[in-house]
Amino acid sequence: MSRLPIVFHPVYSKVVLPDRHPFPMSKFGMLREELLAQGIAVADQFSEPEPADVELLSLAHDRDYLRRLIHGDLSAAEVRRQGFPWSPALVARSMAAVGGTCHTLELALSAGLAAHCAGGTHHAHRDFGSGYCVLNDLAVAAAWALASGRVGRVLIIDCDVHQGDGTARIFEREPRVFTLSFHAATNFPVRKAVSDRDVALARDTGDAGYLAALAEHIPEVMDRFRPDCVLYDAGADVHVADRLGHLALTDDGMRARDRYVIEQCLRRDVPVACVIGGGYDRDVPALVRRHVFVHEQASKCFDQWLN
């Protein structure tokens, strides 16, 4: 491949939410258009994934939960906890996004690096959704890579502002998956899970402190765990302008974060699949431009390291 593989499905934004709902569902389609507008991607660079089916999802999720989710039999409490009103479109979108992250990882294993225009739904647990996360794409992709025999060890580097509690609990007894979470100490979820390594950062940590934390932990974890691949959750909610984030990174800080994580993988010849994670700015075009950063830096790294 001569250009970075990027994964997108039109259904990602095809969910109608109530007015003033906090989740910016339109951002996924807007991200694809922004990548084209900025010249970071061209139309034939995108590939469209197959939605995940129940067999694939059941590698990380409870079958009864999947049945009730698909058929709209969730309780009112479960619907409130996931944060989205149930609809067939929500189910279709969620299954497509999980398929997208699996496809992104498959492309990364072939090309060395790939990026997804969605993903990072790390609050979804084995048997319930939570925090705007219905299905856990990171967990399913990691479980798929292991079950298919493609890899023997998976490292999940989660740089969303919120702890990846669902992912940590799904893999709490799985030694072949290492969960490394960099997150704000005082933020959702209130009750944290126990990742293989949690790096809880103080409010307003800023660029220098954040990048120092990455440098302290990522090389040591990679060299000790020796993963066969990395799933990288590049949350945009670490940005200083994000209304749900606390860590106060700038545009330049986010770019430096993304480049550092990707280069740490590539310099060790470890394939890395990038997903966009969270972002909750009411100014959706501004948010989309922040989600561009991981694709921008991945494209530069792909050209530098893999071409």
# chains A, B, ... in the order shown; residues from 1 in each chain; ligands from 1
$ residues_around --residues "segment 191-202 of chain A" --least-positions-apart "6" --cutoff "6 Å" --atoms "only C-alpha atoms" --output "short mmCIF file (atom, residue, chain, number, x, y, z; two decimals) with C-alpha atoms, in the first residue's frame"
data_model
loop_
_atom_site.label_atom_id
_atom_site.label_comp_id
_atom_site.auth_asym_id
_atom_site.auth_seq_id
_atom_site.Cartn_x
_atom_site.Cartn_y
_atom_site.Cartn_z
CA ASP A 165 -13.29 0.73 32.24
CA ALA A 168 -10.27 -3.31 31.46
CA PHE A 178 -2.51 -5.52 28.26
CA THR A 179 -4.72 -2.50 28.95
CA LEU A 180 -2.84 0.78 29.41
CA SER A 181 -5.07 3.76 30.19
CA PHE A 182 -4.03 7.42 30.37
CA HIS A 183 -7.01 9.35 31.76
CA ALA A 184 -8.16 12.19 33.97
CA ALA A 185 -8.25 11.08 37.59
#
$ closest_atom_pairs --of "segment 54-106 of chain A" --to "segment 229-232 of chain A" --cutoff "10 Å" --atoms "only C-alpha atoms" --output "CSV"
residue,atom,partner,partner_atom,distance
A:Thr101,CA,A:Leu231,CA,9.0
A:Thr104,CA,A:Leu231,CA,9.4
A:Leu105,CA,A:Leu231,CA,7.5
$ residues_around --residues "Trp144 of chain A" --least-positions-apart "6" --cutoff "10 Å" --atoms "only C-alpha atoms" --output "short mmCIF file (atom, residue, chain, number, x, y, z; two decimals) with C-alpha atoms, in the first residue's frame"
data_model
loop_
_atom_site.label_atom_id
_atom_site.label_comp_id
_atom_site.auth_asym_id
_atom_site.auth_seq_id
_atom_site.Cartn_x
_atom_site.Cartn_y
_atom_site.Cartn_z
CA LEU A 56 -17.80 -11.95 16.32
CA LEU A 57 -19.39 -9.77 19.00
CA SER A 58 -19.74 -12.73 21.35
CA LEU A 59 -15.96 -12.96 21.60
CA ALA A 60 -16.19 -10.05 24.03
CA CYS A 102 -11.69 -5.19 13.39
CA LEU A 105 -6.70 -3.92 12.83
CA GLU A 106 -6.66 -6.43 9.97
CA LEU A 138 -11.53 -2.36 21.09
CA ARG A 150 -3.27 -13.63 13.96
CA VAL A 151 -1.49 -12.47 17.11
#
$ closest_atom_pairs --of "segment 216-281 of chain A" --to "segment 18-31 of chain A" --cutoff "12 Å" --atoms "only C-alpha atoms" --output "Markdown table"
| residue | atom | partner | partner_atom | distance |
| --- | --- | --- | --- | --- |
| A:Ala236 | CA | A:Lys27 | CA | 11.8 |
| A:Asp237 | CA | A:Phe23 | CA | 12.0 |
| A:Asp242 | CA | A:Pro22 | CA | 11.8 |
| A:Arg243 | CA | A:Pro22 | CA | 10.0 |
| A:Leu244 | CA | A:Pro22 | CA | 9.8 |
| A:Val275 | CA | A:Phe28 | CA | 11.5 |
| A:Ile276 | CA | A:Phe28 | CA | 9.5 |
| A:Gly277 | CA | A:Phe28 | CA | 11.0 |
| A:Gly278 | CA | A:Phe23 | CA | 9.2 |
| A:Gly279 | CA | A:Pro24 | CA | 8.1 |
| A:Tyr280 | CA | A:Phe23 | CA | 6.4 |
| A:Asp281 | CA | A:Pro24 | CA | 8.1 |
$ write_last_selection --atoms "N, CA and C atoms" --output "PDB file, in the first residue's frame"
ATOM      1  N   ALA A 236     -10.200  12.650  21.405  1.00  0.00           N
ATOM      2  CA  ALA A 236     -10.055  14.099  21.236  1.00  0.00           C
ATOM      3  C   ALA A 236     -10.557  14.865  22.443  1.00  0.00           C
ATOM      4  N   ASP A 237     -11.116  14.163  23.425  1.00  0.00           N
ATOM      5  CA  ASP A 237     -11.664  14.836  24.604  1.00  0.00           C
ATOM      6  C   ASP A 237     -10.603  15.233  25.627  1.00  0.00           C
ATOM      7  N   ASP A 242     -12.551  20.931  25.112  1.00  0.00           N
ATOM      8  CA  ASP A 242     -13.599  19.924  25.196  1.00  0.00           C
ATOM      9  C   ASP A 242     -14.352  20.070  26.515  1.00  0.00           C
ATOM     10  N   ARG A 243     -15.679  20.049  26.457  1.00  0.00           N
ATOM     11  CA  ARG A 243     -16.455  20.339  27.658  1.00  0.00           C
ATOM     12  C   ARG A 243     -16.519  19.169  28.635  1.00  0.00           C
ATOM     13  N   LEU A 244     -16.143  17.959  28.208  1.00  0.00           N
ATOM     14  CA  LEU A 244     -16.123  16.828  29.124  1.00  0.00           C
ATOM     15  C   LEU A 244     -14.710  16.398  29.495  1.00  0.00           C
ATOM     16  N   VAL A 275      -7.979   4.383  16.452  1.00  0.00           N
ATOM     17  CA  VAL A 275      -9.395   4.748  16.468  1.00  0.00           C
ATOM     18  C   VAL A 275      -9.520   6.130  17.099  1.00  0.00           C
ATOM     19  N   ILE A 276     -10.660   6.812  16.878  1.00  0.00           N
ATOM     20  CA  ILE A 276     -10.715   8.241  17.219  1.00  0.00           C
ATOM     21  C   ILE A 276     -11.160   8.530  18.642  1.00  0.00           C
ATOM     22  N   GLY A 277     -11.869   7.627  19.307  1.00  0.00           N
ATOM     23  CA  GLY A 277     -12.271   7.879  20.682  1.00  0.00           C
ATOM     24  C   GLY A 277     -13.249   9.019  20.833  1.00  0.00           C
ATOM     25  N   GLY A 278     -13.314   9.559  22.059  1.00  0.00           N
ATOM     26  CA  GLY A 278     -14.336  10.542  22.409  1.00  0.00           C
ATOM     27  C   GLY A 278     -13.977  11.958  22.038  1.00  0.00           C
ATOM     28  N   GLY A 279     -15.002  12.808  22.063  1.00  0.00           N
ATOM     29  CA  GLY A 279     -14.885  14.235  21.799  1.00  0.00           C
ATOM     30  C   GLY A 279     -16.278  14.830  21.871  1.00  0.00           C
ATOM     31  N   TYR A 280     -16.456  15.907  22.655  1.00  0.00           N
ATOM     32  CA  TYR A 280     -17.814  16.338  22.989  1.00  0.00           C
ATOM     33  C   TYR A 280     -18.004  17.851  22.896  1.00  0.00           C
ATOM     34  N   ASP A 281     -17.217  18.506  22.089  1.00  0.00           N
ATOM     35  CA  ASP A 281     -17.381  19.943  21.908  1.00  0.00           C
ATOM     36  C   ASP A 281     -18.692  20.221  21.176  1.00  0.00           C
TER      37      ASP A 281
END
$ select_by_dssp --residues "segment 46-164 of chain A" --states "strand (DSSP E)" --output "VMD selection string"
chain A and resid 46 to 47 113 to 116 154 to 158
$ write_last_selection --atoms "N, CA and C atoms" --output "PDB file, in the first residue's frame"
ATOM      1  N   PHE A  46     -10.260   5.118   1.323  1.00  0.00           N
ATOM      2  CA  PHE A  46     -11.173   4.611   2.346  1.00  0.00           C
ATOM      3  C   PHE A  46     -11.660   3.222   1.968  1.00  0.00           C
ATOM      4  N   SER A  47     -11.756   2.358   2.947  1.00  0.00           N
ATOM      5  CA  SER A  47     -12.393   1.063   2.733  1.00  0.00           C
ATOM      6  C   SER A  47     -13.574   0.935   3.682  1.00  0.00           C
ATOM      7  N   LEU A 113       0.126  -0.080   9.670  1.00  0.00           N
ATOM      8  CA  LEU A 113      -0.566   1.046  10.295  1.00  0.00           C
ATOM      9  C   LEU A 113      -1.872   1.288   9.541  1.00  0.00           C
ATOM     10  N   ALA A 114      -2.938   1.554  10.284  1.00  0.00           N
ATOM     11  CA  ALA A 114      -4.221   1.887   9.671  1.00  0.00           C
ATOM     12  C   ALA A 114      -5.008   2.743  10.655  1.00  0.00           C
ATOM     13  N   ALA A 115      -6.004   3.462  10.149  1.00  0.00           N
ATOM     14  CA  ALA A 115      -6.791   4.372  10.983  1.00  0.00           C
ATOM     15  C   ALA A 115      -8.270   4.215  10.682  1.00  0.00           C
ATOM     16  N   HIS A 116      -9.080   4.415  11.709  1.00  0.00           N
ATOM     17  CA  HIS A 116     -10.522   4.259  11.630  1.00  0.00           C
ATOM     18  C   HIS A 116     -11.174   5.605  11.897  1.00  0.00           C
ATOM     19  N   VAL A 154      -1.854  -8.562  22.605  1.00  0.00           N
ATOM     20  CA  VAL A 154      -2.407  -7.282  22.147  1.00  0.00           C
ATOM     21  C   VAL A 154      -2.229  -6.246  23.247  1.00  0.00           C
ATOM     22  N   LEU A 155      -1.707  -5.092  22.878  1.00  0.00           N
ATOM     23  CA  LEU A 155      -1.621  -3.952  23.784  1.00  0.00           C
ATOM     24  C   LEU A 155      -2.654  -2.916  23.364  1.00  0.00           C
ATOM     25  N   ILE A 156      -3.485  -2.489  24.314  1.00  0.00           N
ATOM     26  CA  ILE A 156      -4.446  -1.413  24.065  1.00  0.00           C
ATOM     27  C   ILE A 156      -3.948  -0.174  24.780  1.00  0.00           C
ATOM     28  N   ILE A 157      -3.588   0.847  24.001  1.00  0.00           N
ATOM     29  CA  ILE A 157      -3.152   2.131  24.562  1.00  0.00           C
ATOM     30  C   ILE A 157      -4.330   3.078  24.455  1.00  0.00           C
ATOM     31  N   ASP A 158      -4.911   3.414  25.588  1.00  0.00           N
ATOM     32  CA  ASP A 158      -6.139   4.199  25.632  1.00  0.00           C
ATOM     33  C   ASP A 158      -5.808   5.610  26.107  1.00  0.00           C
TER      34      ASP A 158
END
$ closest_residue --among "A:Leu69, A:Ile6, A:Ala145, A:Met254" --to "Ala43 of chain A" --atoms "only C-alpha atoms"
A:Ile6
$ select_by_dssp --residues "segment 92-157 of chain A" --states "alpha helix (DSSP H)" --output "JSON, numbers by chain"
{"A": [92, 93, 94, 95, 96, 97, 98, 99, 100, 101, 102, 103, 104, 105, 106, 107, 108, 109, 110, 111, 137, 138, 139, 140, 141, 142, 143, 144, 145, 146, 147]}
$ write_last_selection --atoms "C-alpha atoms" --output "tab-separated table (two decimals), in the first residue's frame"
chain	number	residue	atom	x	y	z
A	92	ALA	CA	-26.72	-1.14	12.91
A	93	ARG	CA	-24.33	1.74	13.47
A	94	SER	CA	-22.78	0.10	16.54
A	95	MET	CA	-22.26	-3.25	14.79
A	96	ALA	CA	-20.74	-1.52	11.77
A	97	ALA	CA	-18.31	0.43	13.96
A	98	VAL	CA	-17.10	-2.74	15.67
A	99	GLY	CA	-16.62	-4.34	12.28
A	100	GLY	CA	-14.72	-1.20	11.31
A	101	THR	CA	-12.21	-1.49	14.12
A	102	CYS	CA	-11.69	-5.19	13.39
A	103	HIS	CA	-11.10	-4.31	9.73
A	104	THR	CA	-8.73	-1.50	10.74
A	105	LEU	CA	-6.70	-3.92	12.83
A	106	GLU	CA	-6.66	-6.43	9.97
A	107	LEU	CA	-5.33	-3.73	7.63
A	108	ALA	CA	-2.75	-2.67	10.21
A	109	LEU	CA	-1.50	-6.23	10.54
A	110	SER	CA	-0.97	-6.24	6.77
A	111	ALA	CA	0.26	-2.70	6.16
A	137	ASP	CA	-14.97	-2.28	19.49
A	138	LEU	CA	-11.53	-2.36	21.09
A	139	ALA	CA	-12.35	-5.49	23.08
A	140	VAL	CA	-13.95	-7.29	20.14
A	141	ALA	CA	-11.05	-6.46	17.82
A	142	ALA	CA	-8.47	-7.63	20.36
A	143	ALA	CA	-10.40	-10.84	21.05
A	144	TRP	CA	-10.82	-11.46	17.31
A	145	ALA	CA	-7.10	-11.05	16.66
A	146	LEU	CA	-6.30	-13.56	19.39
A	147	ALA	CA	-9.05	-16.07	18.53
$ residues_around --residues "Val294 of chain A" --least-positions-apart "6" --cutoff "8 Å" --atoms "only C-alpha atoms" --output "list in words"
Ala115, Ala234, Arg255, Asp258, Arg259, Cys274 and Ile276 of chain A
$ atom_distance --atom1 "atom CA of Val261 of chain A" --atom2 "atom CA of Glu48 of chain A"
25.3 Å
$ residues_around --residues "Ile70 of chain A" --least-positions-apart "2" --cutoff "9 Å" --atoms "only C-alpha atoms" --output "number ranges by chain"
A: 65-68, 72-73, 88, 91-92
$ atom_distance --atom1 "atom CA of Val7 of chain A" --atom2 "atom CA of Cys117 of chain A"
6.1 Å
$ residues_around --residues "Gly166 of chain A" --least-positions-apart "6" --cutoff "6 Å" --atoms "only C-alpha atoms" --output "list in words"
His122, His123, Ala124 and His125 of chain A
$ write_last_selection --atoms "C-alpha atoms" --output "PDB file, in the first residue's frame"
ATOM      1  CA  HIS A 122     -14.343   1.601  25.702  1.00  0.00           C
ATOM      2  CA  HIS A 123     -17.115   2.036  28.316  1.00  0.00           C
ATOM      3  CA  ALA A 124     -19.167  -0.869  26.934  1.00  0.00           C
ATOM      4  CA  HIS A 125     -18.866  -3.864  29.254  1.00  0.00           C
TER       5      HIS A 125
END
$ closest_residue --among "A:Thr186, A:Ser87, A:Gln163, A:Gln45" --to "Gly120 of chain A" --atoms "only C-alpha atoms"
A:Gln163
$ atom_distance --atom1 "atom CA of Gly149 of chain A" --atom2 "atom CA of Asp233 of chain A"
22.7 Å
